[in-house]
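Trainee: Dumping the structure here so I can ask a few things about it.
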There are 2 protein chains.
Amino acid sequence: MNIKLAESYGFCFGVKRAIKIAEENRNSATYGPLIHNANEIDRLKNDYNVALAEKLSDFRPGDTAVIRTHGIPKEELAALKGKDVNVIDATCPFVTKPQQICEEMSAEGYDIVIFGDDNHPEIKGVKSYAANGAHVVMNVTELEVLQLREKVALVAQTTRKIEEFNKIATFLIPRHKEVRVFNTICNATFDNQDAVRELAKEADVMIVIGGKNSSNTKQLHSIASYHCPDSFHIESAEDLDASWFKNKQLCGVSAGASTPDWIIREVVDRIGALSR
Amino acid sequence: MNIKLAESYGFCFGVKRAIKIAEENRNSATYGPLIHNANEIDRLKNDYNVALAEKLSDFRPGDTAVIRTHGIPKEELAALKGKDVNVIDATCPFVTKPQQICEEMSAEGYDIVIFGDDNHPEIKGVKSYAANGAHVVMNVTELEVLQLREKVALVAQTTRKIEEFNKIATFLIPRHKEVRVFNTICNATFDNQDAVRELAKEADVMIVIGGKNSSNTKQLHSIASYHCPDSFHIESAEDLDASWFKNKQLCGVSAGASTPDWIIREVVDRIGALSR
């Protein structure tokens, strides 16, 4: 039996990059969780002595602070630097972009609308770069009650859906002289979905790895099942069952956006052993 | 019987302004038809000696050229000025705006998309201000085949519908890093429609004045008829019939976008005489 990984799976570009940066900075501490994955944070602590600091006051002059993928508010970054902390920025470049846009558009006098979740760390960071404040909305209903100026700049949380973003834009366009729409949505989630779909079409058994309550992993498993009925959602190599691979030609493997590579490698090795 | 004019009717702001400018410049010539209305052009010729010049070569040094409401291409304006012609600009300010936007966005390196009709004088003028050219499209089908850069600026012909403009914008947003949407649509046509609707609700007879083949006048008459069954579409005072006003309390009057004020005044005077 052959084993084939999806073209795109698991961690996105920004998460992989942040982990690499953390690994290169032994004995540092991340300010807040580096990524949304507790296993990976434990591994960085155990293997690289990269600690997790929850408060600004945890840092002392000379310490090294790694900024997490979602970024942090501008004032907090300035406070760290002001304390002579050595700051290593692991903010995803796709998150740095909307931060810069907010800073520039605010300076140019645009009213800023951010399509996203006000409580998400990414948005807290992005919003902080709008010197004159920004309006964070999740839908048109929240937008309707706002009094906005003639010129509006619109950005999106990186993980939002483009169709919903377009709804926000088409509400604004008839009501304003200028709407400057920055498409800051990242395609990583959709890339994994496209890839699992393609692989499931040719595979006769599919393994999708990720937390049982990870919504993006469940979504991947659902897409896989549609094209390949023998699709299984597992959390680790221990969940595998030899019977699944009997008389199969091609086993496809994918993983959710919060699944570390080492778990995926263990699964692939075990599938190889079970199907021999 | 009372007679009431709609809140908004007849010529739009830009056309009224252009006529006033022409009247203030006796013995001049407009370059191309000042507005899309032959009667009014004849009146300006007869009463103010404002001629109609079709070609650049018709102008000689010292002549006065009135630029029409739809504007003219940038090169032609420069050519007129280069000949020492005295240029009086009657371009509608709502048309000057997209011209300026094209000039600025082109200088800032945006790829420019104009939603409108490539053969319309307004668009010929607007497009000429895009130093590096602009793409003129009437729908998404025409847009799909274009190769555009990451940063796109979008403007509209002033008379287009906002719903169609939004369709162009929502096609572009997912495909580009930045779409700078300038809502250059003018509401004049819609203002006349809103006003005739309100007036027809309270009137018991409605008179709508305009050419029998003027599509916007027919539209106004259709709206009036929906709310006031006794609605009549006429071209001039001669078409009025005394029987229409028998036992009526309120006669509402509106007019299409190409109906001059003097025709409207004649109609109102005649209705007054007939209903006395």
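Every chain in the structure tokens takes a letter, A first, then B, and so on in the order presented; its residues are numbered from 1, and the ligands are numbered from 1 following the presented order.
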Check every residue of chain B for an atom within 6 Å of chain A, counting only C-alpha atoms, and provide those that qualify as an mmCIF file with N, CA and C atoms, in the first residue's frame.
Mentor:
```cif
data_model
loop_
_atom_site.group_PDB
_atom_site.id
_atom_site.type_symbol
_atom_site.label_atom_id
_atom_site.label_comp_id
_atom_site.auth_asym_id
_atom_site.auth_seq_id
_atom_site.Cartn_x
_atom_site.Cartn_y
_atom_site.Cartn_z
ATOM 1 N N ASN B 166 -21.551 47.261 -7.395
ATOM 2 C CA ASN B 166 -21.179 46.334 -6.322
ATOM 3 C C ASN B 166 -20.769 44.966 -6.871
ATOM 4 N N THR B 170 -17.286 43.172 -5.964
ATOM 5 C CA THR B 170 -17.178 41.878 -5.285
ATOM 6 C C THR B 170 -16.470 40.829 -6.148
ATOM 7 N N LYS B 177 -5.094 42.290 -3.783
ATOM 8 C CA LYS B 177 -4.658 42.692 -2.441
ATOM 9 C C LYS B 177 -5.433 43.914 -1.985
ATOM 10 N N GLU B 178 -5.621 44.843 -2.897
ATOM 11 C CA GLU B 178 -6.331 46.077 -2.542
ATOM 12 C C GLU B 178 -7.237 46.501 -3.682
ATOM 13 N N VAL B 179 -8.484 46.781 -3.346
ATOM 14 C CA VAL B 179 -9.408 47.357 -4.327
ATOM 15 C C VAL B 179 -9.920 48.666 -3.738
ATOM 16 N N ARG B 180 -9.582 49.749 -4.402
ATOM 17 C CA ARG B 180 -9.943 51.066 -3.900
ATOM 18 C C ARG B 180 -11.193 51.508 -4.659
ATOM 19 N N VAL B 181 -12.322 51.440 -3.988
ATOM 20 C CA VAL B 181 -13.603 51.653 -4.660
ATOM 21 C C VAL B 181 -14.090 53.088 -4.461
ATOM 22 N N PHE B 182 -14.193 53.829 -5.561
ATOM 23 C CA PHE B 182 -14.689 55.205 -5.510
ATOM 24 C C PHE B 182 -16.122 55.214 -6.041
ATOM 25 N N ASN B 183 -17.050 55.541 -5.161
ATOM 26 C CA ASN B 183 -18.454 55.578 -5.565
ATOM 27 C C ASN B 183 -18.740 56.906 -6.242
#
```
Trainee: Within 8 Å of region 195-209 of chain B, counting only C-alpha atoms, which residues qualify if same-chain residues fewer than 4 places away don't, as a VMD selection string?
Mentor: chain B and resid 6 to 9 191 217 220 to 221 223 to 225 227 to 236 244 to 245 248 to 256 259 264
Trainee: Could you dump the residues just selected with N, CA and C atoms as a CSV table (one decimal), in the first residue's frame?
Mentor:
```
chain,number,residue,atom,x,y,z
B,6,ALA,N,-42.8,68.3,-8.1
B,6,ALA,CA,-42.1,67.3,-7.4
B,6,ALA,C,-40.9,68.0,-6.7
B,7,GLU,N,-40.4,67.4,-5.6
B,7,GLU,CA,-39.2,68.0,-4.9
B,7,GLU,C,-38.0,68.0,-5.8
B,8,SER,N,-37.9,67.1,-6.7
B,8,SER,CA,-36.8,67.0,-7.7
B,8,SER,C,-37.4,66.6,-9.0
B,9,TYR,N,-37.0,67.3,-10.1
B,9,TYR,CA,-37.6,67.0,-11.4
B,9,TYR,C,-36.7,67.6,-12.5
B,191,ASP,N,-33.2,60.6,-7.6
B,191,ASP,CA,-33.8,61.6,-6.8
B,191,ASP,C,-35.2,62.0,-7.5
B,217,THR,N,-38.2,59.5,-18.7
B,217,THR,CA,-39.6,60.1,-18.5
B,217,THR,C,-40.6,59.0,-18.4
B,220,LEU,N,-40.6,57.6,-15.0
B,220,LEU,CA,-41.3,58.5,-14.1
B,220,LEU,C,-42.8,58.4,-14.2
B,221,HIS,N,-43.3,58.3,-15.4
B,221,HIS,CA,-44.7,58.1,-15.7
B,221,HIS,C,-45.2,56.8,-15.1
B,223,ILE,N,-44.0,55.1,-12.6
B,223,ILE,CA,-44.0,55.2,-11.1
B,223,ILE,C,-45.2,56.0,-10.7
B,224,ALA,N,-45.5,57.1,-11.4
B,224,ALA,CA,-46.6,58.0,-11.0
B,224,ALA,C,-47.9,57.2,-11.2
B,225,SER,N,-48.1,56.5,-12.3
B,225,SER,CA,-49.3,55.7,-12.5
B,225,SER,C,-49.6,54.7,-11.5
B,227,HIS,N,-49.1,54.9,-8.3
B,227,HIS,CA,-49.6,55.5,-7.1
B,227,HIS,C,-50.8,56.4,-7.4
B,228,CYS,N,-50.9,56.9,-8.6
B,228,CYS,CA,-52.0,57.8,-9.0
B,228,CYS,C,-52.5,57.4,-10.4
B,229,PRO,N,-53.6,56.7,-10.5
B,229,PRO,CA,-54.1,56.2,-11.8
B,229,PRO,C,-54.2,57.2,-12.9
B,230,ASP,N,-54.7,58.5,-12.5
B,230,ASP,CA,-54.8,59.5,-13.4
B,230,ASP,C,-53.5,60.2,-13.7
B,231,SER,N,-52.5,59.5,-14.3
B,231,SER,CA,-51.2,60.1,-14.6
B,231,SER,C,-51.1,60.2,-16.1
B,232,PHE,N,-50.6,61.4,-16.6
B,232,PHE,CA,-50.5,61.6,-18.0
B,232,PHE,C,-49.1,62.0,-18.4
B,233,HIS,N,-48.6,61.4,-19.5
B,233,HIS,CA,-47.2,61.7,-20.0
B,233,HIS,C,-47.4,62.6,-21.2
B,234,ILE,N,-46.9,63.8,-21.1
B,234,ILE,CA,-47.1,64.8,-22.2
B,234,ILE,C,-45.7,65.3,-22.6
B,235,GLU,N,-45.7,65.9,-23.8
B,235,GLU,CA,-44.4,66.5,-24.3
B,235,GLU,C,-44.4,68.0,-24.1
B,236,SER,N,-45.6,68.7,-24.2
B,236,SER,CA,-45.7,70.1,-24.0
B,236,SER,C,-47.1,70.5,-23.6
B,244,TRP,N,-59.0,66.4,-17.8
B,244,TRP,CA,-58.2,65.7,-16.8
B,244,TRP,C,-58.3,66.3,-15.4
B,245,PHE,N,-58.6,67.6,-15.3
B,245,PHE,CA,-58.5,68.3,-14.0
B,245,PHE,C,-59.8,68.6,-13.4
B,248,LYS,N,-60.7,67.7,-9.5
B,248,LYS,CA,-59.4,67.3,-8.8
B,248,LYS,C,-59.0,68.3,-7.8
B,249,GLN,N,-58.3,67.8,-6.8
B,249,GLN,CA,-57.9,68.7,-5.7
B,249,GLN,C,-56.4,69.1,-5.9
B,250,LEU,N,-55.6,68.1,-6.2
B,250,LEU,CA,-54.1,68.4,-6.3
B,250,LEU,C,-53.5,67.8,-7.6
B,251,CYS,N,-52.9,68.6,-8.4
B,251,CYS,CA,-52.2,68.1,-9.6
B,251,CYS,C,-50.7,68.2,-9.3
B,252,GLY,N,-50.1,67.0,-9.4
B,252,GLY,CA,-48.7,66.9,-9.3
B,252,GLY,C,-48.0,67.0,-10.6
B,253,VAL,N,-46.8,67.7,-10.7
B,253,VAL,CA,-46.1,67.8,-11.9
B,253,VAL,C,-44.6,67.4,-11.7
B,254,SER,N,-44.2,66.5,-12.7
B,254,SER,CA,-42.7,66.2,-12.7
B,254,SER,C,-42.3,66.2,-14.2
B,255,ALA,N,-41.0,66.1,-14.4
B,255,ALA,CA,-40.4,66.1,-15.7
B,255,ALA,C,-39.2,65.3,-15.8
B,256,GLY,N,-38.9,64.7,-17.0
B,256,GLY,CA,-37.7,63.9,-17.3
B,256,GLY,C,-36.5,64.8,-17.2
B,259,THR,N,-35.8,67.6,-19.9
B,259,THR,CA,-36.9,68.6,-20.1
B,259,THR,C,-36.5,70.0,-19.6
B,264,ILE,N,-41.5,73.3,-18.7
B,264,ILE,CA,-42.3,73.0,-17.5
B,264,ILE,C,-43.1,74.2,-17.1
```
Trainee: I want to know what sits within 8 Å of Val66 (chain B), based on only C-alpha atoms, with residues of the same chain fewer than 2 positions away left out; could you give that as a PyMOL selection string?
Mentor: chain B and resi 22+28-31+34+64+68+87-90
Trainee: Give me the residues within 10 Å of region 72-86 of chain B as number ranges by chain, counting only C-alpha atoms and dropping any in the same chain fewer than 2 places off.
Mentor: B: 28, 31-32, 56-57, 59-70, 88-89, 91, 99, 121-131
Trainee: Among region 66-149 of chain A, which ones does DSSP assign to strand (DSSP E) (computed from the backbone)? Answer as a PyMOL selection string.
Mentor: chain A and resi 66-67+86-89+111-115+135-137
Trainee: Take the residues from that selection and write them out as a PDB file, in the first residue's frame, keeping N, CA and C atoms.
Mentor:
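Writing done, so here's part25.pdb:
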```pdb
ATOM      1  N   VAL A  66       9.769  36.434  22.565  1.00  0.00           N
ATOM      2  CA  VAL A  66       9.339  36.072  21.216  1.00  0.00           C
ATOM      3  C   VAL A  66       7.871  36.478  21.076  1.00  0.00           C
ATOM      4  N   ILE A  67       7.586  37.324  20.078  1.00  0.00           N
ATOM      5  CA  ILE A  67       6.208  37.782  19.837  1.00  0.00           C
ATOM      6  C   ILE A  67       5.462  36.703  19.071  1.00  0.00           C
ATOM      7  N   ASN A  86      15.066  42.081  24.672  1.00  0.00           N
ATOM      8  CA  ASN A  86      15.443  41.750  23.301  1.00  0.00           C
ATOM      9  C   ASN A  86      14.222  41.135  22.612  1.00  0.00           C
ATOM     10  N   VAL A  87      13.619  41.875  21.668  1.00  0.00           N
ATOM     11  CA  VAL A  87      12.353  41.432  21.071  1.00  0.00           C
ATOM     12  C   VAL A  87      12.586  40.712  19.742  1.00  0.00           C
ATOM     13  N   ILE A  88      12.099  39.465  19.659  1.00  0.00           N
ATOM     14  CA  ILE A  88      12.175  38.675  18.421  1.00  0.00           C
ATOM     15  C   ILE A  88      10.743  38.536  17.908  1.00  0.00           C
ATOM     16  N   ASP A  89      10.504  39.042  16.711  1.00  0.00           N
ATOM     17  CA  ASP A  89       9.121  39.099  16.229  1.00  0.00           C
ATOM     18  C   ASP A  89       8.750  37.866  15.405  1.00  0.00           C
ATOM     19  N   ASP A 111     -11.556  56.350   8.078  1.00  0.00           N
ATOM     20  CA  ASP A 111     -12.240  55.655   9.155  1.00  0.00           C
ATOM     21  C   ASP A 111     -11.984  54.168   8.897  1.00  0.00           C
ATOM     22  N   ILE A 112     -11.564  53.435   9.923  1.00  0.00           N
ATOM     23  CA  ILE A 112     -11.163  52.044   9.701  1.00  0.00           C
ATOM     24  C   ILE A 112     -12.194  51.048  10.211  1.00  0.00           C
ATOM     25  N   VAL A 113     -12.565  50.125   9.344  1.00  0.00           N
ATOM     26  CA  VAL A 113     -13.457  49.031   9.724  1.00  0.00           C
ATOM     27  C   VAL A 113     -12.672  47.727   9.625  1.00  0.00           C
ATOM     28  N   ILE A 114     -12.674  46.957  10.734  1.00  0.00           N
ATOM     29  CA  ILE A 114     -12.019  45.645  10.740  1.00  0.00           C
ATOM     30  C   ILE A 114     -13.110  44.591  10.820  1.00  0.00           C
ATOM     31  N   PHE A 115     -13.114  43.689   9.842  1.00  0.00           N
ATOM     32  CA  PHE A 115     -14.074  42.581   9.856  1.00  0.00           C
ATOM     33  C   PHE A 115     -13.426  41.434  10.630  1.00  0.00           C
ATOM     34  N   HIS A 135     -13.242  50.424  14.031  1.00  0.00           N
ATOM     35  CA  HIS A 135     -14.504  49.766  14.338  1.00  0.00           C
ATOM     36  C   HIS A 135     -14.366  48.287  13.986  1.00  0.00           C
ATOM     37  N   VAL A 136     -14.558  47.407  14.965  1.00  0.00           N
ATOM     38  CA  VAL A 136     -14.467  45.972  14.699  1.00  0.00           C
ATOM     39  C   VAL A 136     -15.894  45.419  14.602  1.00  0.00           C
ATOM     40  N   VAL A 137     -16.208  44.794  13.477  1.00  0.00           N
ATOM     41  CA  VAL A 137     -17.561  44.251  13.281  1.00  0.00           C
ATOM     42  C   VAL A 137     -17.490  42.808  12.792  1.00  0.00           C
TER      43      VAL A 137
END
```
Trainee: Using only C-alpha atoms, which protein or nucleic acid residues come within 10 Å of Cys186 (chain B)? Drop anything in the same chain fewer than 3 positions from it, and give the result as a ChimeraX atom specification.
Mentor: /B:12,94-95,156-162,183,189-191
Trainee: Now that the selection is made, can you save its residues with N, CA and C atoms as a PDB file, in the first residue's frame?
Mentor:
```pdb
ATOM      1  N   CYS B  12     -30.766  67.804 -14.084  1.00  0.00           N
ATOM      2  CA  CYS B  12     -29.996  67.577 -12.871  1.00  0.00           C
ATOM      3  C   CYS B  12     -29.140  68.811 -12.588  1.00  0.00           C
ATOM      4  N   PHE B  94     -19.488  66.332 -10.751  1.00  0.00           N
ATOM      5  CA  PHE B  94     -19.571  64.890 -10.482  1.00  0.00           C
ATOM      6  C   PHE B  94     -18.818  64.084 -11.543  1.00  0.00           C
ATOM      7  N   VAL B  95     -18.485  64.736 -12.672  1.00  0.00           N
ATOM      8  CA  VAL B  95     -17.676  64.089 -13.718  1.00  0.00           C
ATOM      9  C   VAL B  95     -16.198  64.453 -13.536  1.00  0.00           C
ATOM     10  N   ALA B 156     -16.911  54.593 -11.355  1.00  0.00           N
ATOM     11  CA  ALA B 156     -18.107  54.304 -12.150  1.00  0.00           C
ATOM     12  C   ALA B 156     -18.529  55.519 -12.961  1.00  0.00           C
ATOM     13  N   GLN B 157     -19.131  55.251 -14.114  1.00  0.00           N
ATOM     14  CA  GLN B 157     -19.833  56.295 -14.859  1.00  0.00           C
ATOM     15  C   GLN B 157     -20.935  56.822 -13.935  1.00  0.00           C
ATOM     16  N   THR B 158     -21.167  58.137 -13.968  1.00  0.00           N
ATOM     17  CA  THR B 158     -22.077  58.755 -12.983  1.00  0.00           C
ATOM     18  C   THR B 158     -23.516  58.234 -13.032  1.00  0.00           C
ATOM     19  N   THR B 159     -23.933  57.683 -14.191  1.00  0.00           N
ATOM     20  CA  THR B 159     -25.339  57.286 -14.354  1.00  0.00           C
ATOM     21  C   THR B 159     -25.588  55.788 -14.158  1.00  0.00           C
ATOM     22  N   ARG B 160     -24.572  55.073 -13.706  1.00  0.00           N
ATOM     23  CA  ARG B 160     -24.728  53.622 -13.518  1.00  0.00           C
ATOM     24  C   ARG B 160     -25.504  53.285 -12.248  1.00  0.00           C
ATOM     25  N   LYS B 161     -25.971  52.023 -12.179  1.00  0.00           N
ATOM     26  CA  LYS B 161     -26.693  51.556 -10.984  1.00  0.00           C
ATOM     27  C   LYS B 161     -25.709  51.005  -9.957  1.00  0.00           C
ATOM     28  N   ILE B 162     -25.934  51.345  -8.695  1.00  0.00           N
ATOM     29  CA  ILE B 162     -25.027  50.940  -7.620  1.00  0.00           C
ATOM     30  C   ILE B 162     -24.971  49.418  -7.449  1.00  0.00           C
ATOM     31  N   ASN B 183     -17.050  55.541  -5.161  1.00  0.00           N
ATOM     32  CA  ASN B 183     -18.454  55.578  -5.565  1.00  0.00           C
ATOM     33  C   ASN B 183     -18.740  56.906  -6.242  1.00  0.00           C
ATOM     34  N   THR B 189     -30.837  60.948 -11.116  1.00  0.00           N
ATOM     35  CA  THR B 189     -31.925  60.198 -11.748  1.00  0.00           C
ATOM     36  C   THR B 189     -32.839  59.586 -10.697  1.00  0.00           C
ATOM     37  N   PHE B 190     -32.207  59.062  -9.632  1.00  0.00           N
ATOM     38  CA  PHE B 190     -32.977  58.379  -8.601  1.00  0.00           C
ATOM     39  C   PHE B 190     -33.732  59.385  -7.737  1.00  0.00           C
ATOM     40  N   ASP B 191     -33.163  60.587  -7.595  1.00  0.00           N
ATOM     41  CA  ASP B 191     -33.849  61.640  -6.840  1.00  0.00           C
ATOM     42  C   ASP B 191     -35.183  61.976  -7.508  1.00  0.00           C
TER      43      ASP B 191
END
```
Trainee: Can you pull out every residue from region 125-249 of chain A that DSSP, working from the backbone, puts in alpha helix (DSSP H), and format the result as a PyMOL selection string?
Mentor: chain A and resi 125-128+140-144+162-172+188-202+215-227
Trainee: Provide the CA of Arg26 (chain B) to CA of Asp261 (chain B) distance in Å, to one decimal place.
Mentor: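 CA of Arg26 (chain B) sits 19.7 Å away from CA of Asp261 (chain B).
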Trainee: Measuring between only C-alpha atoms, which one of B:Ala242, B:Ala53, B:Cys102, B:Ala257 shows the shortest distance to Val15 (chain B)?
Mentor: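 Ranking B:Ala242, B:Ala53, B:Cys102, B:Ala257 by distance to Val15 (chain B), first place goes to B:Ala257.
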Trainee: So that I can check the surroundings of Arg276 (chain A), please list as a CSV table (one decimal) with N, CA and C atoms, in the first residue's frame every protein, DNA and RNA residue that reaches within 12 Å of it, counting only C-alpha atoms and ignoring chain neighbours fewer than 3 positions away.
Mentor:
```
chain,number,residue,atom,x,y,z
A,1,MET,N,0.8,-1.2,0.0
A,1,MET,CA,0.0,0.0,0.0
A,1,MET,C,0.9,1.3,0.0
A,2,ASN,N,0.5,2.2,-0.8
A,2,ASN,CA,1.2,3.5,-0.8
A,2,ASN,C,0.6,4.5,0.2
A,3,ILE,N,1.4,5.3,0.7
A,3,ILE,CA,1.0,6.4,1.6
A,3,ILE,C,1.3,7.7,1.0
A,242,ALA,N,-5.3,-1.7,12.2
A,242,ALA,CA,-4.7,-2.4,11.1
A,242,ALA,C,-5.8,-2.8,10.0
A,243,SER,N,-7.0,-3.1,10.5
A,243,SER,CA,-8.0,-3.6,9.6
A,243,SER,C,-8.4,-2.5,8.5
A,245,PHE,N,-6.6,-0.9,6.7
A,245,PHE,CA,-5.7,-0.8,5.5
A,245,PHE,C,-5.6,-2.1,4.7
A,246,LYS,N,-6.5,-3.1,5.1
A,246,LYS,CA,-6.5,-4.4,4.4
A,246,LYS,C,-7.0,-4.2,3.0
A,247,ASN,N,-6.2,-4.8,2.0
A,247,ASN,CA,-6.6,-4.7,0.6
A,247,ASN,C,-6.7,-3.3,0.0
A,248,LYS,N,-6.0,-2.4,0.7
A,248,LYS,CA,-6.1,-1.0,0.1
A,248,LYS,C,-4.9,-0.7,-0.7
A,249,GLN,N,-5.0,0.2,-1.7
A,249,GLN,CA,-3.9,0.5,-2.6
A,249,GLN,C,-3.2,1.8,-2.2
A,269,ASP,N,4.5,6.7,10.0
A,269,ASP,CA,5.4,5.5,10.3
A,269,ASP,C,4.5,4.3,10.7
A,270,ARG,N,3.5,4.6,11.6
A,270,ARG,CA,2.7,3.5,12.1
A,270,ARG,C,1.8,2.9,11.0
A,271,ILE,N,1.3,3.7,10.1
A,271,ILE,CA,0.5,3.2,9.0
A,271,ILE,C,1.4,2.3,8.2
A,272,GLY,N,2.6,2.7,7.9
A,272,GLY,CA,3.6,1.9,7.1
A,272,GLY,C,3.8,0.5,7.8
A,273,ALA,N,3.9,0.5,9.1
A,273,ALA,CA,4.2,-0.7,9.8
A,273,ALA,C,2.9,-1.6,9.8
```
Trainee: Could you tell me which of B:Asp47, B:Glu142, B:Asp118, B:Glu54 comes closest to Asn27 (chain B) if we count only C-alpha atoms?
Mentor: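 When distances to Asn27 (chain B) are compared using only C-alpha atoms, the smallest one comes from B:Asp47.
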Trainee: Could you please determine the separation between CA of Asn46 (chain B) and CA of Gly211 (chain B) in Å, to one decimal place?
Mentor: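 Result for CA of Asn46 (chain B) versus CA of Gly211 (chain B): 21.4 Å, one decimal.
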